[in-house]
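*Asks:* Got run03.tsv for you, TSV, C-alpha atoms:
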```tsv
chain	number	residue	atom	x	y	z
A	22	MET	CA	-28.03	-18.67	4.24
A	23	THR	CA	-25.30	-15.98	4.18
A	24	LYS	CA	-27.46	-13.57	2.21
A	25	HIS	CA	-30.34	-14.21	4.59
A	26	LEU	CA	-28.18	-13.45	7.64
A	27	VAL	CA	-26.87	-10.26	6.04
A	28	ARG	CA	-30.42	-9.10	5.36
A	29	LEU	CA	-31.28	-9.69	9.01
A	30	ILE	CA	-28.16	-8.19	10.59
A	31	LEU	CA	-27.65	-5.13	8.35
A	32	PRO	CA	-30.89	-3.35	9.38
A	33	LEU	CA	-30.09	-4.05	13.04
A	34	VAL	CA	-26.63	-2.52	12.68
A	35	MET	CA	-28.09	0.54	10.97
A	36	ILE	CA	-30.64	0.97	13.77
A	37	ILE	CA	-27.91	0.77	16.42
A	38	LEU	CA	-25.74	3.33	14.62
A	39	ALA	CA	-28.66	5.70	14.14
A	40	SER	CA	-29.65	5.33	17.78
A	41	SER	CA	-26.15	6.15	18.96
A	42	LEU	CA	-26.16	9.33	16.89
A	43	VAL	CA	-29.46	10.38	18.43
A	44	VAL	CA	-28.83	9.32	22.02
A	45	THR	CA	-25.29	10.68	22.49
A	46	PRO	CA	-26.21	14.38	22.05
A	47	ALA	CA	-29.23	13.86	24.27
A	48	PHE	CA	-26.97	13.46	27.27
A	49	ALA	CA	-25.21	16.75	26.55
A	50	ILE	CA	-26.33	19.73	28.59
A	51	GLY	CA	-26.42	23.37	27.60
A	52	VAL	CA	-27.24	26.41	29.67
A	53	TYR	CA	-30.78	26.31	28.28
A	54	ASP	CA	-31.24	22.91	30.01
A	55	MET	CA	-30.42	24.30	33.45
A	56	PRO	CA	-33.30	25.14	35.77
A	57	ASN	CA	-34.03	28.69	36.79
A	58	LEU	CA	-32.48	29.64	40.10
A	59	THR	CA	-34.70	29.78	43.16
A	60	PRO	CA	-33.04	32.37	45.43
A	61	GLY	CA	-32.40	31.17	48.96
A	62	SER	CA	-33.22	27.52	48.27
A	63	THR	CA	-31.17	26.24	45.32
A	64	TRP	CA	-27.56	25.64	46.33
A	65	VAL	CA	-26.66	22.42	44.53
A	66	VAL	CA	-27.69	21.43	40.99
A	67	ASP	CA	-26.39	17.89	40.56
A	68	LYS	CA	-27.14	17.09	36.92
A	69	GLY	CA	-24.16	14.74	36.89
A	70	GLU	CA	-25.70	12.73	39.74
A	71	VAL	CA	-22.42	12.30	41.59
A	72	ILE	CA	-23.29	13.77	45.00
A	73	SER	CA	-25.09	11.64	47.57
A	74	LEU	CA	-28.35	12.96	49.03
A	75	PHE	CA	-26.77	13.13	52.47
A	76	ASN	CA	-23.84	15.24	51.27
A	77	GLU	CA	-26.09	17.39	49.07
A	78	GLY	CA	-28.08	18.28	52.17
A	79	LYS	CA	-24.91	18.92	54.15
A	80	ILE	CA	-23.44	21.17	51.45
A	81	SER	CA	-26.72	23.06	50.95
A	82	SER	CA	-27.05	23.71	54.68
A	83	ALA	CA	-23.49	25.02	54.95
A	84	LEU	CA	-23.90	27.29	51.90
A	85	GLU	CA	-27.20	28.63	53.23
A	86	ASP	CA	-25.54	29.47	56.57
A	87	LEU	CA	-22.67	31.16	54.72
A	88	ALA	CA	-25.14	33.31	52.77
A	89	LYS	CA	-27.01	34.34	55.92
A	90	GLN	CA	-23.85	35.23	57.82
A	91	THR	CA	-21.84	36.95	55.09
A	92	GLY	CA	-24.16	37.71	52.17
A	93	ASN	CA	-21.86	35.70	49.90
A	94	GLU	CA	-23.60	32.93	47.97
A	95	VAL	CA	-22.06	29.88	46.29
A	96	ARG	CA	-23.78	27.42	43.96
A	97	ILE	CA	-22.34	24.02	43.08
A	98	VAL	CA	-23.22	22.61	39.67
A	99	THR	CA	-22.39	19.24	38.15
A	100	VAL	CA	-23.16	18.15	34.60
A	101	ARG	CA	-22.48	14.85	32.88
A	102	ARG	CA	-21.57	16.15	29.42
A	103	LEU	CA	-21.33	19.61	27.88
A	104	ASP	CA	-22.71	20.62	24.51
A	105	TYR	CA	-20.31	20.38	21.58
A	106	GLY	CA	-17.94	23.35	21.59
A	107	GLU	CA	-18.63	24.29	25.22
A	108	THR	CA	-15.87	24.40	27.82
A	109	PRO	CA	-16.35	24.42	31.61
A	110	GLU	CA	-15.42	28.12	31.61
A	111	SER	CA	-17.79	29.15	28.81
A	112	PHE	CA	-20.66	27.10	30.24
A	113	THR	CA	-20.20	28.47	33.76
A	114	LYS	CA	-19.91	32.04	32.52
A	115	SER	CA	-23.14	31.71	30.52
A	116	LEU	CA	-24.93	30.11	33.46
A	117	PHE	CA	-23.66	32.87	35.76
A	118	GLU	CA	-25.13	35.49	33.43
A	119	LYS	CA	-28.40	33.56	33.14
A	120	TRP	CA	-28.88	33.28	36.89
A	121	PHE	CA	-27.50	36.75	37.70
A	122	PRO	CA	-28.15	39.06	34.73
A	123	THR	CA	-26.77	42.31	36.19
A	124	LYS	CA	-23.48	43.37	37.78
A	125	GLU	CA	-25.31	44.15	41.00
A	126	ALA	CA	-26.86	40.70	41.14
A	127	GLN	CA	-23.51	39.06	40.35
A	128	ALA	CA	-21.46	40.92	42.95
A	129	ASN	CA	-21.76	38.44	45.85
A	130	GLN	CA	-22.26	35.29	43.81
A	131	SER	CA	-20.06	32.33	42.87
A	132	ILE	CA	-20.63	29.18	40.83
A	133	LEU	CA	-18.39	26.14	41.10
A	134	MET	CA	-18.99	23.76	38.20
A	135	ILE	CA	-17.62	20.37	37.14
A	136	ASP	CA	-18.13	18.30	33.99
A	137	THR	CA	-18.03	14.68	35.16
A	138	VAL	CA	-17.02	13.24	31.77
A	139	THR	CA	-13.70	15.12	31.67
A	140	ASN	CA	-13.59	16.31	35.31
A	141	GLY	CA	-13.07	19.79	33.91
A	142	THR	CA	-13.83	22.51	36.48
A	143	ALA	CA	-14.53	26.22	36.54
A	144	ILE	CA	-15.29	28.92	39.12
A	145	ILE	CA	-16.96	32.20	38.20
A	146	SER	CA	-17.42	34.90	40.86
A	147	GLY	CA	-18.74	38.44	41.15
A	148	ASP	CA	-16.62	41.50	41.90
A	149	LYS	CA	-17.19	41.61	45.69
A	150	VAL	CA	-16.35	37.93	46.02
A	151	LYS	CA	-13.10	38.45	44.12
A	152	SER	CA	-11.98	40.95	46.76
A	153	LEU	CA	-12.16	38.13	49.33
A	154	MET	CA	-11.22	35.23	47.06
A	155	PRO	CA	-8.53	36.25	44.56
A	156	GLU	CA	-8.19	34.38	41.30
A	157	ALA	CA	-5.21	32.41	42.62
A	158	ILE	CA	-7.31	30.90	45.42
A	159	ALA	CA	-10.25	30.23	43.09
A	160	ASN	CA	-7.96	28.42	40.66
A	161	SER	CA	-6.42	26.45	43.52
A	162	ILE	CA	-9.87	25.31	44.69
A	163	ALA	CA	-10.78	24.21	41.17
A	164	THR	CA	-7.51	22.58	40.13
A	165	GLU	CA	-6.12	21.30	43.45
A	166	THR	CA	-8.79	20.92	46.12
A	167	LEU	CA	-11.34	19.42	43.72
A	168	ALA	CA	-8.87	17.55	41.58
A	169	GLU	CA	-6.98	15.59	44.24
A	170	PRO	CA	-9.91	13.39	45.43
A	171	LEU	CA	-10.91	12.82	41.80
A	172	ARG	CA	-7.45	11.52	40.95
A	173	LYS	CA	-7.88	8.97	43.73
A	174	GLY	CA	-10.95	7.36	42.21
A	175	ASN	CA	-13.56	10.02	41.32
A	176	LYS	CA	-14.41	10.76	44.95
A	177	TYR	CA	-16.83	13.56	44.11
A	178	ASN	CA	-18.42	13.80	47.55
A	179	GLN	CA	-15.03	14.25	49.20
A	180	ALA	CA	-13.98	16.74	46.53
A	181	PHE	CA	-16.98	19.00	47.11
A	182	ILE	CA	-16.76	18.77	50.89
A	183	ASP	CA	-13.08	19.82	50.72
A	184	ALA	CA	-13.96	22.69	48.36
A	185	LEU	CA	-16.78	23.73	50.68
A	186	VAL	CA	-14.37	24.05	53.62
A	187	ARG	CA	-12.18	26.46	51.68
A	188	PHE	CA	-15.13	28.46	50.32
A	189	VAL	CA	-16.64	28.94	53.77
A	190	ALA	CA	-13.32	29.94	55.33
A	191	VAL	CA	-12.27	32.39	52.62
A	192	LEU	CA	-15.68	34.02	52.10
A	193	SER	CA	-16.09	34.39	55.87
A	194	GLY	CA	-12.86	36.38	56.04
A	195	GLN	CA	-10.88	33.60	57.70
A	196	PRO	CA	-7.44	32.36	56.61
A	197	ASP	CA	-7.46	30.05	53.60
A	198	PRO	CA	-6.78	26.48	54.79
A	199	GLY	CA	-5.13	25.81	51.44
A	200	PRO	CA	-5.23	22.79	49.16
A	201	PRO	CA	-4.95	19.25	50.51
A	202	GLN	CA	-1.50	17.94	51.23
A	203	ILE	CA	-0.45	15.55	48.50
A	204	ALA	CA	1.52	12.67	49.94
A	205	GLU	CA	4.73	11.89	48.11
A	206	THR	CA	4.87	8.49	46.50
A	207	VAL	CA	7.40	6.29	48.28
A	208	LYS	CA	9.56	4.35	45.90
A	209	VAL	CA	9.72	0.65	46.72
A	210	GLU	CA	11.60	-2.20	45.13
A	211	GLY	CA	10.04	-2.97	41.80
A	212	THR	CA	8.27	-6.24	41.19
A	213	PHE	CA	8.83	-6.14	37.44
A	214	LYS	CA	10.37	-9.19	35.86
A	215	LYS	CA	14.00	-9.09	34.84
A	216	ALA	CA	15.01	-8.84	31.20
A	217	GLU	CA	16.06	-12.48	31.10
A	218	GLU	CA	12.72	-13.63	32.49
A	219	THR	CA	10.89	-11.41	30.03
A	220	GLU	CA	12.82	-12.85	27.08
A	221	THR	CA	12.08	-16.41	28.27
A	222	ILE	CA	8.37	-15.68	28.54
A	223	LYS	CA	8.42	-13.98	25.14
A	224	GLY	CA	10.15	-17.02	23.61
A	225	ASN	CA	7.60	-19.40	25.11
A	226	ALA	CA	4.74	-17.26	23.87
A	227	THR	CA	6.23	-17.18	20.37
A	228	ALA	CA	6.57	-20.96	20.34
A	229	TRP	CA	2.94	-21.35	21.35
A	230	VAL	CA	1.78	-18.97	18.65
A	231	VAL	CA	3.82	-20.75	15.96
A	232	GLY	CA	2.54	-24.13	17.15
A	233	LEU	CA	-1.07	-22.96	17.05
A	234	LEU	CA	-0.62	-21.53	13.55
A	235	ILE	CA	0.84	-24.82	12.32
A	236	ALA	CA	-1.96	-26.79	13.95
A	237	ALA	CA	-4.54	-24.47	12.41
A	238	THR	CA	-3.08	-25.23	8.97
A	239	VAL	CA	-2.34	-28.94	9.29
A	240	ILE	CA	-5.44	-30.17	11.11
A	241	PRO	CA	-7.98	-28.96	8.48
A	242	MET	CA	-5.86	-30.41	5.68
A	243	ALA	CA	-5.50	-33.76	7.45
A	244	THR	CA	-9.23	-33.83	8.14
A	245	TYR	CA	-9.95	-33.13	4.48
A	246	TYR	CA	-7.69	-35.98	3.25
A	247	ILE	CA	-9.14	-38.43	5.78
A	248	TYR	CA	-12.59	-37.45	4.60
A	249	LEU	CA	-11.60	-38.18	0.98
A	250	ALA	CA	-10.02	-41.50	1.93
A	251	ILE	CA	-13.13	-42.87	3.59
A	252	GLN	CA	-15.52	-41.79	0.83
A	253	PRO	CA	-16.58	-44.53	-1.63
A	254	SER	CA	-15.09	-44.19	-5.09
A	255	SER	CA	-17.23	-43.18	-8.05
A	256	ASP	CA	-17.41	-46.82	-9.38
A	257	GLY	CA	-18.97	-47.92	-6.08
A	258	GLN	CA	-15.90	-49.77	-4.73
```
Could I get this structure in the form of structure tokens?
*Replies:*
Amino acid sequence: MTKHLVRLILPLVMIILASSLVVTPAFAIGVYDMPNLTPGSTWVVDKGEVISLFNEGKISSALEDLAKQTGNEVRIVTVRRLDYGETPESFTKSLFEKWFPTKEAQANQSILMIDTVTNGTAIISGDKVKSLMPEAIANSIATETLAEPLRKGNKYNQAFIDALVRFVAVLSGQPDPGPPQIAETVKVEGTFKKAEETETIKGNATAWVVGLLIAATVIPMATYYIYLAIQPSSDGQ
């Protein structure tokens, strides 16, 4: 019976392992997997599927208005998993060069990207954008404005809406509203058990474990001896 079960289970295990090796890389995304950019219509590429349709429309509309009013264009990109060896910065830089191959084409462009597996972020911008949005502000948007809602439960929609507000303000020549205010954690009286209570609980747990181990040893032995006692002897008595 054991050999038969092994013959049945072993091939199944091998199939599962092989499938995991094939499927896992399939979810990874490289620059070659990204669609070509449609100027004037593609503002959000949500490969990570973390932005609601309502908010995607809201963000796209705001970015389109920003482009019409200022000439500065921003694309938001989400991916679920990057190719092995890629970082958010290297991926975004390669995508930036794919979508905007020349310095002239890059000048007024920005890409904000997030990898939803690690929540790693990156912003790449052209030279004219950098004159309005210095690196310090770009880093703040990526590491503070985006990161704070994600720390509170992966609130991607809120994170991108907050980032959008700063992008629109800064690239329109208005004052930077800055990162969200992080509320200080108020210390309250702890509800942790005292050391004495912890030791008591630990002692009770130890007693239970020892008791179970003894029972696990004694009960099978007692069962075995009872079984022998009730069996008829070899001479039929």
*Asks:* Closest to A:Pro196 among A:Thr91, A:Ala49, A:Met154, A:Ala180, using all atoms listed in the file?
*Replies:*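 Closest residue, counting all atoms listed in the file: A:Met154.
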*Asks:* Can you write out as a tab-separated table which residues of stretch 101-203 of chain A fall within 10 Å of stretch 73-85 of chain A, alongside each residue's closest atom pair and its distance in Å to one decimal, counting only C-alpha atoms and ordering rows by chain and ascending residue number?
*Replies:*
```
residue	atom	partner	partner_atom	distance
A:Tyr177	CA	A:Ser73	CA	9.2
A:Asn178	CA	A:Asn76	CA	6.7
A:Gln179	CA	A:Asn76	CA	9.1
A:Phe181	CA	A:Ile80	CA	8.1
A:Ile182	CA	A:Ile80	CA	7.1
A:Leu185	CA	A:Ile80	CA	7.2
A:Val186	CA	A:Ala83	CA	9.3
A:Phe188	CA	A:Leu84	CA	9.0
A:Val189	CA	A:Leu84	CA	7.7
```
*Asks:* Excluding stretch 92-107 of chain A and any residue of its chain fewer than 4 positions from it, enumerate the residues within 6 Å of it, using all atoms listed in the file, and give them as a list of chain:residue names.
*Replies:* A:Ala49, A:Ile50, A:Gly51, A:Trp64, A:Val65, A:Val66, A:Asp67, A:Lys68, A:Gly69, A:Ala88, A:Asn129, A:Gln130, A:Ser131, A:Ile132, A:Leu133, A:Met134, A:Ile135, A:Asp136, A:Thr137, A:Val138
*Asks:* Using all atoms listed in the file, which of the listed residues (A:Ile145, A:Leu87, A:Val71, A:Leu116) sits closest to A:Met55?
*Replies:*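 Of A:Ile145, A:Leu87, A:Val71, A:Leu116, the one nearest A:Met55 is A:Leu116, counting all atoms listed in the file.
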*Asks:* Hey, which of A:Asp54, A:Ile158, A:Gln90, A:Ser152 ends up closest to A:Ser115? Count all atoms listed in the file.
*Replies:*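 The closest residue to A:Ser115 is A:Asp54.
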*Asks:* Would you work out the distance separating atom CA of A:Val150 from atom CA of A:Phe117, expressed in Å to one decimal?
*Replies:*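 Atom-to-atom, atom CA of A:Val150 to atom CA of A:Phe117, that is 13.6 Å.
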*Asks:* Could you pull the residues within 10 Å of A:Ala126, counting all atoms listed in the file, minus those fewer than 6 positions along the same chain, as a list in words?
*Replies:*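 So the residues in contact are Glu118, Trp120 and Gly147 of chain A.
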*Asks:* Rounded to one decimal in Å, what is the spacing between atom CA of A:Gln202 and atom CA of A:Lys149?
*Replies:*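 So the two atoms, atom CA of A:Gln202 and atom CA of A:Lys149, lie 28.9 Å apart.
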*Asks:* Just checking: using all atoms listed in the file, which residue out of A:Thr123, A:Thr113, A:Ser161, A:Asn57 ends up closest to A:Asp148?
*Replies:*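 For A:Asp148, the nearest of the candidates is A:Thr123.
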*Asks:* For a test of reading the model, state the distance in Å between atom CA of A:Thr164 and atom CA of A:Glu110, rounded to one decimal.
*Replies:*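 So the answer is 12.9 Å.
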*Asks:* Rank A:Gln127, A:Asn160, A:Ser111, A:Asn140 by their smallest atom-to-atom distance to A:Ala184, using all atoms listed in the file, and report the top residue only.
*Replies:*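 Checking each of A:Gln127, A:Asn160, A:Ser111, A:Asn140 against A:Ala184, counting all atoms listed in the file, the winner is A:Asn160.
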